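Source file: structure.cif; contents: mmCIF, C-alpha atoms.
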```cif
data_query
loop_
_atom_site.group_PDB
_atom_site.id
_atom_site.type_symbol
_atom_site.label_atom_id
_atom_site.label_comp_id
_atom_site.auth_asym_id
_atom_site.auth_seq_id
_atom_site.Cartn_x
_atom_site.Cartn_y
_atom_site.Cartn_z
ATOM 1 C CA MET T 1 2.979 21.882 -18.732
ATOM 2 C CA LYS T 2 2.040 19.286 -16.114
ATOM 3 C CA PHE T 3 1.398 19.984 -12.418
ATOM 4 C CA SER T 4 0.968 17.160 -9.937
ATOM 5 C CA VAL T 5 0.290 17.835 -6.277
ATOM 6 C CA LEU T 6 2.226 15.119 -4.473
ATOM 7 C CA GLY T 7 0.698 16.160 -1.183
ATOM 8 C CA SER T 8 -0.744 19.154 0.599
ATOM 9 C CA GLY T 9 -1.373 19.416 4.310
ATOM 10 C CA SER T 10 0.211 19.599 7.722
ATOM 11 C CA LYS T 11 2.093 16.322 7.147
ATOM 12 C CA GLY T 12 3.812 17.608 4.002
ATOM 13 C CA ASN T 13 3.576 19.703 0.879
ATOM 14 C CA SER T 14 5.137 19.102 -2.500
ATOM 15 C CA ILE T 15 4.265 19.833 -6.118
ATOM 16 C CA PHE T 16 5.861 18.298 -9.200
ATOM 17 C CA VAL T 17 6.007 20.577 -12.246
ATOM 18 C CA GLU T 18 7.087 19.391 -15.692
ATOM 19 C CA SER T 19 7.412 21.214 -18.990
ATOM 20 C CA GLY T 20 9.067 19.460 -21.881
ATOM 21 C CA SER T 21 12.289 17.907 -20.590
ATOM 22 C CA THR T 22 12.436 20.097 -17.476
ATOM 23 C CA ALA T 23 11.007 18.865 -14.183
ATOM 24 C CA ILE T 24 11.167 20.602 -10.814
ATOM 25 C CA LEU T 25 9.828 20.118 -7.343
ATOM 26 C CA VAL T 26 8.155 22.987 -5.523
ATOM 27 C CA ASP T 27 8.718 22.219 -1.841
ATOM 28 C CA GLY T 28 9.764 18.860 -0.504
ATOM 29 C CA GLY T 29 7.845 18.430 2.706
ATOM 30 C CA PHE T 30 8.027 14.649 2.893
ATOM 31 C CA SER T 31 10.937 12.291 3.523
ATOM 32 C CA GLY T 32 13.100 11.506 0.518
ATOM 33 C CA ARG T 33 11.643 8.005 0.443
ATOM 34 C CA GLU T 34 8.076 9.358 0.512
ATOM 35 C CA ILE T 35 8.813 11.850 -2.277
ATOM 36 C CA ALA T 36 10.224 9.016 -4.395
ATOM 37 C CA GLU T 37 7.118 6.904 -3.704
ATOM 38 C CA ARG T 38 4.751 9.727 -4.591
ATOM 39 C CA LEU T 39 6.659 10.459 -7.801
ATOM 40 C CA SER T 40 6.442 6.781 -8.769
ATOM 41 C CA ARG T 41 2.643 7.017 -8.505
ATOM 42 C CA ILE T 42 2.740 9.485 -11.425
ATOM 43 C CA ASP T 43 5.316 7.400 -13.340
ATOM 44 C CA ARG T 44 8.278 9.660 -12.510
ATOM 45 C CA ASP T 45 11.336 9.309 -10.330
ATOM 46 C CA MET T 46 13.661 11.752 -8.645
ATOM 47 C CA SER T 47 16.321 11.368 -11.330
ATOM 48 C CA CYS T 48 14.226 13.528 -13.674
ATOM 49 C CA LEU T 49 14.382 16.562 -11.365
ATOM 50 C CA LYS T 50 16.427 19.596 -12.393
ATOM 51 C CA ALA T 51 15.857 21.727 -9.260
ATOM 52 C CA VAL T 52 13.883 22.205 -6.072
ATOM 53 C CA PHE T 53 12.176 25.505 -5.278
ATOM 54 C CA VAL T 54 11.274 26.204 -1.649
ATOM 55 C CA THR T 55 8.413 28.568 -0.857
ATOM 56 C CA HIS T 56 9.163 28.936 2.858
ATOM 57 C CA GLU T 57 11.012 27.203 5.673
ATOM 58 C CA HIS T 58 8.233 25.404 7.538
ATOM 59 C CA HIS T 59 9.025 21.753 8.210
ATOM 60 C CA ASP T 60 6.067 20.547 6.148
ATOM 61 C CA HIS T 61 7.670 22.217 3.114
ATOM 62 C CA ILE T 62 11.380 21.391 3.582
ATOM 63 C CA SER T 63 11.807 18.072 5.404
ATOM 64 C CA GLY T 64 12.985 16.143 2.328
ATOM 65 C CA VAL T 65 14.641 18.944 0.359
ATOM 66 C CA GLY T 66 18.196 18.134 1.479
ATOM 67 C CA VAL T 67 17.833 14.463 0.603
ATOM 68 C CA VAL T 68 16.415 15.237 -2.842
ATOM 69 C CA SER T 69 19.119 17.815 -3.533
ATOM 70 C CA ARG T 70 21.946 15.479 -2.526
ATOM 71 C CA ARG T 71 20.541 12.348 -4.140
ATOM 72 C CA CYS T 72 19.694 14.056 -7.438
ATOM 73 C CA ARG T 73 22.554 16.574 -7.361
ATOM 74 C CA VAL T 74 20.167 19.434 -8.058
ATOM 75 C CA PRO T 75 20.195 23.017 -6.805
ATOM 76 C CA VAL T 76 17.736 24.364 -4.271
ATOM 77 C CA PHE T 77 16.281 27.813 -4.853
ATOM 78 C CA ALA T 78 14.803 29.937 -2.069
ATOM 79 C CA ASN T 79 14.776 33.569 -1.088
ATOM 80 C CA GLU T 80 17.280 34.765 1.493
ATOM 81 C CA GLY T 81 14.858 34.728 4.429
ATOM 82 C CA THR T 82 13.724 31.196 3.641
ATOM 83 C CA PHE T 83 17.320 30.022 3.295
ATOM 84 C CA ARG T 84 18.281 31.526 6.664
ATOM 85 C CA GLY T 85 15.168 30.161 8.356
ATOM 86 C CA ALA T 86 15.708 26.672 6.955
ATOM 87 C CA GLY T 87 19.281 26.681 8.239
ATOM 88 C CA LYS T 88 18.003 27.123 11.792
ATOM 89 C CA ARG T 89 15.944 23.924 11.604
#
```

The structure given in the file should be rewritten as structure tokens.
Amino acid sequence: MKFSVLGSGSKGNSIFVESGSTAILVDGGFSGREIAERLSRIDRDMSCLKAVFVTHEHHDHISGVGVVSRRCRVPVFANEGTFRGAGKR
């Protein structure tokens, strides 16, 4: 299993996790373009993603989630409170 922290801080948070042929993103707190750039630095691109998991609805964790989900046609997983909170942003 491979974990790569794409970024962690007030400007954005995102972690790439890969095991075998399955790759996911935990949080997507950067723009879609920035997520793509950060993935390219570890020789990956968004097309490899199977899902996005969101830990909570703060902007620095969700700002690029919609773009990634639409562009890659992948589901987004979050608990009910996070989903409701994200919808208000």

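Non-sequential neighbours of T:Asn13 (distance at most 12 Å, separation of 4 or more positions within a chain, all atoms listed in the file) are Ser4, Val5, Leu6, Gly7, Ser8, Gly9, Leu25, Val26, Asp27, Gly28, Gly29, Phe30, Ser31, Glu34, Ile35, Arg38, Val54, Thr55, His56, Glu57, His58, His59, Asp60, His61, Ile62, Ser63, Gly64 and Val65 of chain T.
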
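Evaluated against this file, the PyMOL selection byres ((chain T and resi 48) around 9) yields Ser21, Thr22, Ala23, Ile24, Arg44, Asp45, Met46, Ser47, Leu49, Lys50 and Cys72 of chain T.
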
d(atom CA of T:Gly32, atom CA of T:Ser14) in Å
11.4 Å

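Between atom CA of T:Met1 and atom CA of T:Glu18 lies a distance of 5.7 Å.
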
Give as a VMD selection string the residues that the PyMOL selection byres ((chain T and resi 76) around 6) matches when applied to the coordinates above.
chain T and resid 51 to 53 75 77

Between atom CA of T:Phe83 and atom CA of T:Ser69, measure the distance and give it in Å to one decimal.
14.1 Å

Could you put an axis-aligned box around every listed atom of stretch 31-46 of chain T, padded by 4 Å on each side, and send me its centre and edge lengths in Å to one decimal, as lines of an AutoDock Vina configuration file?
```
center_x = 8.2
center_y = 9.5
center_z = -4.9
size_x = 19.0
size_y = 13.5
size_z = 24.9
```

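Of the listed residues T:Gly20, T:Ala36, T:Gly85, T:Arg41, the one whose atoms come nearest to T:Lys2 is T:Gly20, with distances taken using only C-alpha atoms.
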